[in-house]
Amino acid sequence: MNDNAPQPPSRRSVLRTTAGVAGAGIGLGALGAGPAEAAQTAVSGEAVAAAAATETAGTRPRRGATMAGVPFEGRSTVRVGIVGLGNRGGSMIDLFLALPWVRVVALCDPVKEQTERAAAKVVAAGQPSPAVYTHGEDDYENLCKRSDLDFVYVATPWELHFAMARSAMLNGKHVGVECPVAMTLEDLWELVDLSEQTRRHCMQLENCCYGRNEMRVLRMAHAGKFGDLLHGAGAYNHDLRELMFSPTYYEGPWRRLWHTRLRGDLYPNHGFGPVANYMDVNRGDRAVSISSFGTPALGLAEYRAANMPSGDPSWKESYIGSDRTISLVQTAKGRVIRLEHDVSTPHPYSRINSLGGTRGVFEDYPARIYVEPDHKGHQWGDFAAYATEFDHWLWKEHANPPGGHGGMDYIMIYRLMQCMQLGLVPDFDVYDAATWTAPVPLSHASIKAKGAPLAIPDFTRGEWKKARSGVDSVKPA
């Protein structure tokens, strides 16, 4: 255990932080350099892949064998501990309790009332009363030390994710973390190293990879319906202004405060994860560079002026986060992925979710498709017509899943818990978690460097060249 590893601020300090101190010490290191310094590290064209490979091979030797393709240990009952019982954790517990082979053993949240509500759900589901951890900011450490847990689920403010995932693995637990898994490149590397060293899986619980449309497009891509893949796009364009300024929706202003710290894409996973799956990123291709651009940060201040009283603490905040970021990711095979992020301006919800190849294209929001030879005359086709042939077996088996986000939350939890029970290889791993989250610090650095392309590390250390299974899974016998 590295006692000198960077530690995130406590939740208490996050809730009290104002913009004056929020920008300090977020651990970007060299990525916080100005345009000239950042541009010195930027490379273009074919040199991107070589530079990234040289950097990662020379500076990050493995602490253990790869975790790619490593199965869980099978078990009849999966024992779960949950850290964070606010909006997300307080609802996701219902999905764990819906699975008869899953037992919720322990709960942790410093807000005692939230833990009590969650514990009551466990008992109401017919399970024994869970252990509860509500004594201070670091009580999650005691939960992770329990000997009767197999999996720790983390649903807390972003700045706490790294420390909690780290603690879970060091205490011998597999861990699943809500997006994003960490906020700095150094922390992403540390999670990769710890996963390999401890032989525990650390997974980014990206629910959008399990959306019905996303899984259908994935199977169609693998079946060659789009021909040779060329480009894709994903986004998180979701107007969160009212929620971020609400005094009750989030526990304190932690999410809004990130807009005082970083200029880049704060939440790339929902868009990046599905498109990375379509293109078999880390399973035959890999993301090698990112170039990002950002608009001025005007939306949150404008909303505050129109809606918040003059004495509100938010008036002490200075927003620097770009209202909209646009990033271009290049892959080793020359494909291009466009990522967008916008939670600060009026916009209907959209993850874009687009994929194009030599035989046609799919675009979501609304879902539409045009592939040869099925369509002609420059008229979009009906995407629903492909449901029978290409819907994933999970969606055929669970046609009306419970839970939020159209059922994708349940599908994700069901599949993960199934893999743990049956001793299967998880659909995604720590390398996917690090890759899908890397745009958080890298987009910030690229924007500061006026769009200079920056290398995305090869977190797999060369394993990406090997084809292997992912979310497009085969139904277990």
# chains A, B, ... in the order shown; residues from 1 in each chain; ligands from 1
>>> residues_around(residues="His259 of chain A", least_positions_apart="3", cutoff="6 Å", atoms="only C-alpha atoms", output="tab-separated table (two decimals) with N, CA and C atoms, in the first residue's frame")
chain	number	residue	atom	x	y	z
A	256	ARG	N	-21.71	20.81	-9.37
A	256	ARG	CA	-21.55	22.15	-9.96
A	256	ARG	C	-20.13	22.66	-9.78
A	262	LEU	N	-12.41	22.37	-14.00
A	262	LEU	CA	-11.94	21.84	-15.28
A	262	LEU	C	-12.72	22.46	-16.43
A	319	TYR	N	-17.16	30.11	-12.90
A	319	TYR	CA	-17.24	28.92	-13.76
A	319	TYR	C	-16.27	29.02	-14.92
A	320	ILE	N	-15.50	27.95	-15.11
A	320	ILE	CA	-14.55	27.90	-16.22
A	320	ILE	C	-14.86	26.76	-17.18
A	321	GLY	N	-15.73	25.83	-16.76
A	321	GLY	CA	-16.04	24.67	-17.59
A	321	GLY	C	-16.74	25.07	-18.87
>>> residues_around(residues="Ser91 of chain A", least_positions_apart="4", cutoff="12 Å", atoms="only C-alpha atoms", output="compact mmCIF listing (two decimals) with N, CA, C and O atoms, in the first residue's frame")
# COMPACT_ATOMS: atom_id res chain seq x y z
N ILE A 82 -22.54 -1.58 -0.51
CA ILE A 82 -22.85 -0.38 -1.27
C ILE A 82 -22.35 0.84 -0.52
O ILE A 82 -22.66 1.03 0.66
N GLY A 84 -22.42 4.88 -0.70
CA GLY A 84 -23.11 6.00 -1.33
C GLY A 84 -24.56 5.67 -1.57
O GLY A 84 -24.87 4.82 -2.42
N LEU A 85 -25.47 6.32 -0.84
CA LEU A 85 -26.89 5.95 -0.91
C LEU A 85 -27.77 7.16 -1.18
O LEU A 85 -28.89 7.25 -0.70
N GLY A 86 -27.23 8.08 -1.98
CA GLY A 86 -28.00 9.25 -2.39
C GLY A 86 -28.90 8.91 -3.56
O GLY A 86 -29.48 7.83 -3.64
N ASN A 87 -29.03 9.84 -4.51
CA ASN A 87 -29.93 9.63 -5.65
C ASN A 87 -29.64 8.33 -6.38
O ASN A 87 -30.54 7.52 -6.63
N LEU A 95 -32.24 -2.79 -7.57
CA LEU A 95 -31.89 -3.73 -8.64
C LEU A 95 -31.06 -4.88 -8.11
O LEU A 95 -31.22 -6.02 -8.54
N PHE A 96 -30.15 -4.60 -7.19
CA PHE A 96 -29.42 -5.69 -6.54
C PHE A 96 -30.38 -6.60 -5.78
O PHE A 96 -30.26 -7.83 -5.83
N LEU A 97 -31.35 -6.01 -5.10
CA LEU A 97 -32.29 -6.79 -4.30
C LEU A 97 -33.26 -7.58 -5.16
O LEU A 97 -33.88 -8.54 -4.68
N ALA A 98 -33.39 -7.21 -6.43
CA ALA A 98 -34.29 -7.94 -7.33
C ALA A 98 -33.71 -9.26 -7.81
O ALA A 98 -34.43 -10.08 -8.40
N GLN A 114 -30.14 8.33 5.04
CA GLN A 114 -30.11 7.61 3.76
C GLN A 114 -29.76 6.14 3.97
O GLN A 114 -30.32 5.25 3.32
N ARG A 117 -32.84 4.29 5.35
CA ARG A 117 -33.84 4.00 4.31
C ARG A 117 -33.41 2.81 3.47
O ARG A 117 -34.23 1.93 3.14
N ALA A 118 -32.15 2.76 3.12
CA ALA A 118 -31.65 1.65 2.30
C ALA A 118 -31.69 0.35 3.08
O ALA A 118 -32.05 -0.72 2.54
N LYS A 121 -35.05 -1.19 3.01
CA LYS A 121 -35.34 -1.88 1.76
C LYS A 121 -34.79 -3.30 1.78
O LYS A 121 -35.43 -4.24 1.27
N ALA A 155 -21.18 4.66 -5.42
CA ALA A 155 -22.03 5.67 -6.05
C ALA A 155 -21.96 6.94 -5.20
O ALA A 155 -22.90 7.29 -4.49
N PRO A 402 -37.05 -3.87 -14.98
CA PRO A 402 -37.39 -2.82 -14.01
C PRO A 402 -36.29 -1.78 -13.93
O PRO A 402 -35.24 -1.90 -14.56
N GLY A 403 -36.52 -0.75 -13.11
CA GLY A 403 -35.48 0.23 -12.85
C GLY A 403 -35.50 1.39 -13.83
O GLY A 403 -36.33 1.47 -14.74
N GLY A 404 -34.56 2.30 -13.62
CA GLY A 404 -34.52 3.54 -14.38
C GLY A 404 -33.77 3.45 -15.69
O GLY A 404 -33.27 2.40 -16.08
N HIS A 405 -33.78 4.59 -16.40
CA HIS A 405 -33.07 4.74 -17.67
C HIS A 405 -33.50 3.69 -18.69
O HIS A 405 -32.67 3.10 -19.39
N ASP A 409 -30.17 0.08 -16.57
CA ASP A 409 -29.54 -0.10 -15.26
C ASP A 409 -29.68 -1.55 -14.80
O ASP A 409 -28.73 -2.17 -14.33
N TYR A 410 -30.91 -2.07 -14.93
CA TYR A 410 -31.15 -3.46 -14.51
C TYR A 410 -30.36 -4.43 -15.36
O TYR A 410 -29.75 -5.38 -14.83
>>> residues_around(residues="Trp393 of chain A", least_positions_apart="5", cutoff="12 Å", atoms="only C-alpha atoms", output="PyMOL selection string")
chain A and resi 210+212+215-216+219+387-388+398-399+411+415+471-476
>>> write_last_selection(atoms="all heavy atoms", output="tab-separated table (two decimals), in the first residue's frame")
chain	number	residue	atom	x	y	z
A	210	TYR	N	-25.45	-0.82	-22.05
A	210	TYR	CA	-26.48	-1.84	-22.00
A	210	TYR	C	-27.84	-1.33	-22.45
A	210	TYR	O	-28.85	-2.01	-22.26
A	210	TYR	CB	-26.57	-2.42	-20.58
A	210	TYR	CG	-25.38	-3.29	-20.25
A	210	TYR	CD1	-24.23	-2.73	-19.68
A	210	TYR	CD2	-25.37	-4.65	-20.55
A	210	TYR	CE1	-23.13	-3.52	-19.39
A	210	TYR	CE2	-24.28	-5.44	-20.27
A	210	TYR	CZ	-23.15	-4.87	-19.69
A	210	TYR	OH	-22.05	-5.66	-19.43
A	212	ARG	N	-30.85	-0.70	-25.00
A	212	ARG	CA	-31.34	-1.61	-26.05
A	212	ARG	C	-30.82	-1.20	-27.42
A	212	ARG	O	-30.37	-2.05	-28.20
A	212	ARG	CB	-32.87	-1.64	-26.04
A	212	ARG	CG	-33.45	-2.68	-26.99
A	212	ARG	CD	-34.96	-2.76	-26.90
A	212	ARG	NE	-35.47	-3.82	-27.75
A	212	ARG	CZ	-36.77	-4.13	-27.86
A	212	ARG	NH1	-37.67	-3.45	-27.16
A	212	ARG	NH2	-37.16	-5.10	-28.67
A	215	MET	N	-27.02	-1.93	-27.70
A	215	MET	CA	-26.67	-3.35	-27.84
A	215	MET	C	-27.08	-3.88	-29.21
A	215	MET	O	-26.41	-4.74	-29.78
A	215	MET	CB	-27.31	-4.16	-26.73
A	215	MET	CG	-26.81	-3.77	-25.33
A	215	MET	SD	-27.30	-4.92	-24.03
A	215	MET	CE	-25.90	-6.06	-24.06
A	216	ARG	N	-28.16	-3.34	-29.77
A	216	ARG	CA	-28.55	-3.76	-31.12
A	216	ARG	C	-27.54	-3.27	-32.15
A	216	ARG	O	-27.13	-4.03	-33.05
A	216	ARG	CB	-29.95	-3.23	-31.45
A	216	ARG	CG	-30.51	-3.77	-32.77
A	216	ARG	CD	-31.82	-3.10	-33.14
A	216	ARG	NE	-32.81	-3.27	-32.09
A	216	ARG	CZ	-33.96	-2.59	-32.04
A	216	ARG	NH1	-34.23	-1.67	-32.96
A	216	ARG	NH2	-34.82	-2.82	-31.06
A	219	ARG	N	-24.35	-5.43	-32.04
A	219	ARG	CA	-24.45	-6.72	-32.71
A	219	ARG	C	-24.51	-6.54	-34.23
A	219	ARG	O	-23.96	-7.35	-34.98
A	219	ARG	CB	-25.68	-7.48	-32.22
A	219	ARG	CG	-25.60	-7.83	-30.72
A	219	ARG	CD	-26.60	-8.90	-30.33
A	219	ARG	NE	-26.26	-10.17	-30.96
A	219	ARG	CZ	-27.05	-10.83	-31.80
A	219	ARG	NH1	-28.23	-10.34	-32.13
A	219	ARG	NH2	-26.67	-11.96	-32.32
A	387	ALA	N	-34.96	-5.37	-34.85
A	387	ALA	CA	-35.02	-5.86	-33.47
A	387	ALA	C	-34.99	-7.38	-33.40
A	387	ALA	O	-34.24	-7.97	-32.60
A	387	ALA	CB	-36.26	-5.31	-32.78
A	388	THR	N	-35.79	-8.04	-34.18
A	388	THR	CA	-35.90	-9.50	-34.08
A	388	THR	C	-34.57	-10.18	-34.33
A	388	THR	O	-34.17	-11.10	-33.60
A	388	THR	CB	-36.96	-10.02	-35.07
A	388	THR	OG1	-38.22	-9.42	-34.77
A	388	THR	CG2	-37.08	-11.53	-34.98
A	398	HIS	N	-35.14	-10.22	-21.10
A	398	HIS	CA	-35.73	-9.26	-20.17
A	398	HIS	C	-36.36	-8.14	-20.99
A	398	HIS	O	-35.83	-7.03	-21.07
A	398	HIS	CB	-34.66	-8.71	-19.23
A	398	HIS	CG	-33.88	-9.75	-18.50
A	398	HIS	ND1	-34.31	-10.32	-17.32
A	398	HIS	CD2	-32.71	-10.37	-18.80
A	398	HIS	CE1	-33.45	-11.22	-16.90
A	398	HIS	NE2	-32.46	-11.27	-17.78
A	399	ALA	N	-37.50	-8.43	-21.56
A	399	ALA	CA	-38.13	-7.49	-22.50
A	399	ALA	C	-38.61	-6.22	-21.80
A	399	ALA	O	-38.63	-5.14	-22.40
A	399	ALA	CB	-39.28	-8.16	-23.22
A	411	ILE	N	-30.35	-4.23	-16.67
A	411	ILE	CA	-29.61	-5.14	-17.56
A	411	ILE	C	-28.14	-5.18	-17.17
A	411	ILE	O	-27.52	-6.25	-17.13
A	411	ILE	CB	-29.79	-4.72	-19.03
A	411	ILE	CG1	-31.25	-4.83	-19.47
A	411	ILE	CG2	-28.89	-5.55	-19.94
A	411	ILE	CD1	-31.79	-6.24	-19.54
A	415	ARG	N	-26.40	-8.56	-15.58
A	415	ARG	CA	-25.32	-9.21	-16.30
A	415	ARG	C	-24.05	-9.29	-15.45
A	415	ARG	O	-23.36	-10.33	-15.42
A	415	ARG	CB	-25.03	-8.47	-17.61
A	415	ARG	CG	-23.82	-8.97	-18.38
A	415	ARG	CD	-23.93	-10.43	-18.77
A	415	ARG	NE	-22.74	-10.86	-19.52
A	415	ARG	CZ	-22.43	-12.11	-19.79
A	415	ARG	NH1	-23.23	-13.09	-19.38
A	415	ARG	NH2	-21.35	-12.41	-20.47
A	471	VAL	N	-19.11	-6.68	-24.42
A	471	VAL	CA	-20.53	-6.57	-24.10
A	471	VAL	C	-21.38	-7.40	-25.06
A	471	VAL	O	-22.47	-7.85	-24.71
A	471	VAL	CB	-20.96	-5.09	-24.10
A	471	VAL	CG1	-22.46	-4.94	-23.91
A	471	VAL	CG2	-20.22	-4.34	-22.99
A	472	ASP	N	-20.90	-7.63	-26.27
A	472	ASP	CA	-21.63	-8.51	-27.21
A	472	ASP	C	-21.36	-9.96	-26.81
A	472	ASP	O	-20.65	-10.69	-27.47
A	472	ASP	CB	-21.14	-8.24	-28.63
A	472	ASP	CG	-21.97	-8.98	-29.68
A	472	ASP	OD1	-22.99	-9.60	-29.29
A	472	ASP	OD2	-21.58	-8.97	-30.85
A	473	SER	N	-22.01	-10.36	-25.73
A	473	SER	CA	-21.71	-11.65	-25.09
A	473	SER	C	-22.59	-12.76	-25.62
A	473	SER	O	-23.64	-12.53	-26.23
A	473	SER	CB	-21.90	-11.52	-23.57
A	473	SER	OG	-23.22	-11.09	-23.28
A	474	VAL	N	-22.16	-13.98	-25.35
A	474	VAL	CA	-22.93	-15.17	-25.66
A	474	VAL	C	-23.72	-15.56	-24.43
A	474	VAL	O	-23.20	-15.54	-23.30
A	474	VAL	CB	-22.01	-16.32	-26.10
A	474	VAL	CG1	-22.80	-17.60	-26.34
A	474	VAL	CG2	-21.23	-15.93	-27.35
A	475	LYS	N	-24.98	-15.92	-24.61
A	475	LYS	CA	-25.83	-16.31	-23.49
A	475	LYS	C	-25.24	-17.55	-22.82
A	475	LYS	O	-24.96	-18.55	-23.49
A	475	LYS	CB	-27.25	-16.58	-23.95
A	475	LYS	CG	-28.21	-16.94	-22.82
A	475	LYS	CD	-29.62	-17.12	-23.33
A	475	LYS	CE	-30.57	-17.50	-22.21
A	475	LYS	NZ	-31.96	-17.65	-22.68
A	476	PRO	N	-25.04	-17.52	-21.49
A	476	PRO	CA	-24.50	-18.70	-20.80
A	476	PRO	C	-25.45	-19.90	-20.94
A	476	PRO	O	-26.66	-19.75	-21.01
A	476	PRO	CB	-24.42	-18.24	-19.34
A	476	PRO	CG	-24.45	-16.76	-19.38
A	476	PRO	CD	-25.27	-16.39	-20.57
>>> closest_residue(among="A:Ile413, A:Ala305, A:Cys209, A:Ala276", to="Ile93 of chain A", atoms="only C-alpha atoms")
A:Ile413
>>> closest_residue(among="A:Lys145, A:Arg263, A:Arg88, A:Lys376", to="Cys179 of chain A", atoms="only C-alpha atoms")
A:Arg88
>>> select_by_dssp(residues="segment 225-340 of chain A", states="alpha helix (DSSP H)", output="MDAnalysis selection string")
chainID A and resid 241:245 254:257 269:278 299:307
>>> residues_around(residues="Val83 of chain A", least_positions_apart="6", cutoff="12 Å", atoms="only C-alpha atoms", output="PyMOL selection string")
chain A and resi 89-90+92-93+104-111+114-115+118+131-134+137-144+151-157+160-161+163-165+167-168+175-178
>>> write_last_selection(atoms="C-alpha atoms", output="mmCIF file, in the first residue's frame")
data_model
loop_
_atom_site.group_PDB
_atom_site.id
_atom_site.type_symbol
_atom_site.label_atom_id
_atom_site.label_comp_id
_atom_site.auth_asym_id
_atom_site.auth_seq_id
_atom_site.Cartn_x
_atom_site.Cartn_y
_atom_site.Cartn_z
ATOM 1 C CA GLY A 89 -27.086 4.442 -4.872
ATOM 2 C CA GLY A 90 -30.457 4.755 -3.158
ATOM 3 C CA MET A 92 -29.719 1.089 -7.603
ATOM 4 C CA ILE A 93 -30.039 -0.949 -4.401
ATOM 5 C CA VAL A 104 -26.770 -6.903 0.181
ATOM 6 C CA VAL A 105 -24.538 -7.351 3.222
ATOM 7 C CA ALA A 106 -23.330 -3.849 4.107
ATOM 8 C CA LEU A 107 -24.229 -0.203 3.476
ATOM 9 C CA CYS A 108 -22.237 3.001 3.922
ATOM 10 C CA ASP A 109 -23.140 6.670 3.815
ATOM 11 C CA PRO A 110 -22.299 9.415 6.338
ATOM 12 C CA VAL A 111 -25.886 10.660 5.992
ATOM 13 C CA GLN A 114 -30.107 7.612 3.760
ATOM 14 C CA THR A 115 -28.454 4.500 5.151
ATOM 15 C CA ALA A 118 -31.647 1.652 2.303
ATOM 16 C CA ALA A 131 -24.350 -3.850 8.566
ATOM 17 C CA VAL A 132 -24.314 -0.064 8.350
ATOM 18 C CA TYR A 133 -21.370 2.343 8.278
ATOM 19 C CA THR A 134 -22.280 5.960 9.036
ATOM 20 C CA GLU A 137 -16.107 10.356 6.016
ATOM 21 C CA ASP A 138 -13.786 7.351 6.032
ATOM 22 C CA ASP A 139 -16.097 4.628 7.334
ATOM 23 C CA TYR A 140 -16.140 3.068 3.858
ATOM 24 C CA GLU A 141 -12.701 1.709 4.744
ATOM 25 C CA ASN A 142 -14.302 -0.449 7.423
ATOM 26 C CA LEU A 143 -16.913 -1.724 4.990
ATOM 27 C CA CYS A 144 -14.178 -2.686 2.522
ATOM 28 C CA PHE A 151 -18.212 -6.853 -4.551
ATOM 29 C CA VAL A 152 -18.282 -3.174 -3.585
ATOM 30 C CA TYR A 153 -20.530 -0.787 -5.490
ATOM 31 C CA VAL A 154 -19.506 2.901 -5.355
ATOM 32 C CA ALA A 155 -22.031 5.675 -6.047
ATOM 33 C CA THR A 156 -20.567 8.806 -4.467
ATOM 34 C CA PRO A 157 -19.357 12.241 -5.666
ATOM 35 C CA LEU A 160 -14.256 10.114 -3.931
ATOM 36 C CA HIS A 161 -14.349 7.360 -6.556
ATOM 37 C CA ALA A 163 -9.982 6.332 -3.058
ATOM 38 C CA MET A 164 -12.977 4.038 -2.623
ATOM 39 C CA ALA A 165 -12.112 1.808 -5.577
ATOM 40 C CA SER A 167 -9.636 0.639 -0.837
ATOM 41 C CA ALA A 168 -11.925 -2.073 -2.181
ATOM 42 C CA VAL A 175 -15.378 -3.061 -7.328
ATOM 43 C CA GLY A 176 -17.798 -1.315 -9.647
ATOM 44 C CA VAL A 177 -17.772 2.486 -9.798
ATOM 45 C CA GLU A 178 -20.246 4.975 -11.201
#
>>> select_by_dssp(residues="segment 168-379 of chain A", states="strand (DSSP E)", output="ChimeraX atom specification")
/A:174-177,202-204,229-237,287-294,325-331,336-342,354-357,360-363,368-371
>>> closest_atom_pairs(of="segment 85-183 of chain A", to="segment 440-455 of chain A", cutoff="10 Å", atoms="only C-alpha atoms", output="Markdown table")
| residue | atom | partner | partner_atom | distance |
| --- | --- | --- | --- | --- |
| A:Pro180 | CA | A:Val440 | CA | 8.3 |
| A:Ala182 | CA | A:Val440 | CA | 8.8 |
| A:Met183 | CA | A:Val440 | CA | 6.5 |
>>> write_last_selection(atoms="N, CA, C and O atoms", output="mmCIF file, in the first residue's frame")
data_model
loop_
_atom_site.group_PDB
_atom_site.id
_atom_site.type_symbol
_atom_site.label_atom_id
_atom_site.label_comp_id
_atom_site.auth_asym_id
_atom_site.auth_seq_id
_atom_site.Cartn_x
_atom_site.Cartn_y
_atom_site.Cartn_z
ATOM 1 N N PRO A 180 -17.490 9.275 -13.468
ATOM 2 C CA PRO A 180 -16.283 8.666 -14.016
ATOM 3 C C PRO A 180 -15.494 7.957 -12.920
ATOM 4 O O PRO A 180 -15.625 8.286 -11.753
ATOM 5 N N ALA A 182 -12.350 7.954 -12.099
ATOM 6 C CA ALA A 182 -11.347 8.796 -11.437
ATOM 7 C C ALA A 182 -11.230 10.076 -12.249
ATOM 8 O O ALA A 182 -11.777 10.167 -13.351
ATOM 9 N N MET A 183 -10.493 11.057 -11.724
ATOM 10 C CA MET A 183 -10.460 12.368 -12.371
ATOM 11 C C MET A 183 -9.093 12.755 -12.918
ATOM 12 O O MET A 183 -8.966 13.806 -13.542
#
>>> residues_around(residues="segment 381-385 of chain A", least_positions_apart="6", cutoff="10 Å", atoms="only C-alpha atoms", output="ChimeraX atom specification")
/A:213,216-217,362-364,366-371,374-375,391
>>> atom_distance(atom1="atom CA of Gln379 of chain A", atom2="atom CA of Tyr278 of chain A")
23.8 Å
>>> atom_distance(atom1="atom CA of Arg63 of chain A", atom2="atom CA of Leu170 of chain A")
13.6 Å
>>> atom_distance(atom1="atom CA of Lys173 of chain A", atom2="atom CA of Lys466 of chain A")
27.0 Å
>>> closest_atom_pairs(of="segment 236-333 of chain A", to="segment 352-361 of chain A", cutoff="8 Å", atoms="only C-alpha atoms", output="tab-separated table")
residue	atom	partner	partner_atom	distance
A:Gly271	CA	A:Asn353	CA	6.7
A:Pro274	CA	A:Asn353	CA	7.6
A:Val275	CA	A:Asn353	CA	7.2
A:Tyr278	CA	A:Leu355	CA	7.9
>>> decode(residues="segment 286-293 of chain A", atoms="all heavy atoms", output="PDB file, in the first residue's frame")
ATOM      1  N   ARG A 286      -7.615   0.551 -30.649  1.00  0.00           N
ATOM      2  CA  ARG A 286      -7.486   1.327 -29.424  1.00  0.00           C
ATOM      3  C   ARG A 286      -7.519   2.814 -29.724  1.00  0.00           C
ATOM      4  O   ARG A 286      -7.209   3.255 -30.838  1.00  0.00           O
ATOM      5  CB  ARG A 286      -6.215   0.958 -28.658  1.00  0.00           C
ATOM      6  CG  ARG A 286      -4.953   1.696 -29.029  1.00  0.00           C
ATOM      7  CD  ARG A 286      -3.871   1.449 -27.970  1.00  0.00           C
ATOM      8  NE  ARG A 286      -2.690   2.265 -28.203  1.00  0.00           N
ATOM      9  CZ  ARG A 286      -2.507   3.475 -27.689  1.00  0.00           C
ATOM     10  NH1 ARG A 286      -3.458   4.026 -26.953  1.00  0.00           N
ATOM     11  NH2 ARG A 286      -1.395   4.155 -27.921  1.00  0.00           N
ATOM     12  N   ALA A 287      -7.921   3.598 -28.735  1.00  0.00           N
ATOM     13  CA  ALA A 287      -7.909   5.049 -28.838  1.00  0.00           C
ATOM     14  C   ALA A 287      -6.490   5.548 -28.606  1.00  0.00           C
ATOM     15  O   ALA A 287      -5.881   5.222 -27.589  1.00  0.00           O
ATOM     16  CB  ALA A 287      -8.857   5.654 -27.806  1.00  0.00           C
ATOM     17  N   VAL A 288      -5.961   6.331 -29.558  1.00  0.00           N
ATOM     18  CA  VAL A 288      -4.563   6.742 -29.457  1.00  0.00           C
ATOM     19  C   VAL A 288      -4.368   8.234 -29.216  1.00  0.00           C
ATOM     20  O   VAL A 288      -3.326   8.643 -28.705  1.00  0.00           O
ATOM     21  CB  VAL A 288      -3.758   6.322 -30.710  1.00  0.00           C
ATOM     22  CG1 VAL A 288      -3.741   4.817 -30.849  1.00  0.00           C
ATOM     23  CG2 VAL A 288      -4.308   6.979 -31.965  1.00  0.00           C
ATOM     24  N   SER A 289      -5.329   9.082 -29.595  1.00  0.00           N
ATOM     25  CA  SER A 289      -5.142  10.517 -29.371  1.00  0.00           C
ATOM     26  C   SER A 289      -6.487  11.200 -29.234  1.00  0.00           C
ATOM     27  O   SER A 289      -7.521  10.699 -29.686  1.00  0.00           O
ATOM     28  CB  SER A 289      -4.350  11.165 -30.512  1.00  0.00           C
ATOM     29  OG  SER A 289      -5.134  11.233 -31.697  1.00  0.00           O
ATOM     30  N   ILE A 290      -6.456  12.375 -28.606  1.00  0.00           N
ATOM     31  CA  ILE A 290      -7.662  13.179 -28.448  1.00  0.00           C
ATOM     32  C   ILE A 290      -7.317  14.636 -28.656  1.00  0.00           C
ATOM     33  O   ILE A 290      -6.287  15.125 -28.195  1.00  0.00           O
ATOM     34  CB  ILE A 290      -8.301  12.963 -27.063  1.00  0.00           C
ATOM     35  CG1 ILE A 290      -9.613  13.748 -26.934  1.00  0.00           C
ATOM     36  CG2 ILE A 290      -7.335  13.311 -25.936  1.00  0.00           C
ATOM     37  CD1 ILE A 290     -10.416  13.401 -25.694  1.00  0.00           C
ATOM     38  N   SER A 291      -8.169  15.330 -29.386  1.00  0.00           N
ATOM     39  CA  SER A 291      -8.044  16.766 -29.597  1.00  0.00           C
ATOM     40  C   SER A 291      -9.376  17.399 -29.229  1.00  0.00           C
ATOM     41  O   SER A 291     -10.420  16.993 -29.749  1.00  0.00           O
ATOM     42  CB  SER A 291      -7.698  17.074 -31.056  1.00  0.00           C
ATOM     43  OG  SER A 291      -7.507  18.457 -31.266  1.00  0.00           O
ATOM     44  N   SER A 292      -9.361  18.372 -28.307  1.00  0.00           N
ATOM     45  CA  SER A 292     -10.598  18.901 -27.739  1.00  0.00           C
ATOM     46  C   SER A 292     -10.687  20.414 -27.874  1.00  0.00           C
ATOM     47  O   SER A 292      -9.675  21.123 -27.848  1.00  0.00           O
ATOM     48  CB  SER A 292     -10.699  18.527 -26.255  1.00  0.00           C
ATOM     49  OG  SER A 292     -10.652  17.135 -26.069  1.00  0.00           O
ATOM     50  N   PHE A 293     -11.925  20.879 -27.997  1.00  0.00           N
ATOM     51  CA  PHE A 293     -12.209  22.305 -28.117  1.00  0.00           C
ATOM     52  C   PHE A 293     -13.394  22.624 -27.209  1.00  0.00           C
ATOM     53  O   PHE A 293     -14.292  21.805 -27.027  1.00  0.00           O
ATOM     54  CB  PHE A 293     -12.528  22.677 -29.560  1.00  0.00           C
ATOM     55  CG  PHE A 293     -11.435  22.308 -30.522  1.00  0.00           C
ATOM     56  CD1 PHE A 293     -11.392  21.037 -31.081  1.00  0.00           C
ATOM     57  CD2 PHE A 293     -10.440  23.213 -30.843  1.00  0.00           C
ATOM     58  CE1 PHE A 293     -10.371  20.678 -31.952  1.00  0.00           C
ATOM     59  CE2 PHE A 293      -9.417  22.862 -31.716  1.00  0.00           C
ATOM     60  CZ  PHE A 293      -9.384  21.590 -32.270  1.00  0.00           C
TER      61      PHE A 293
END
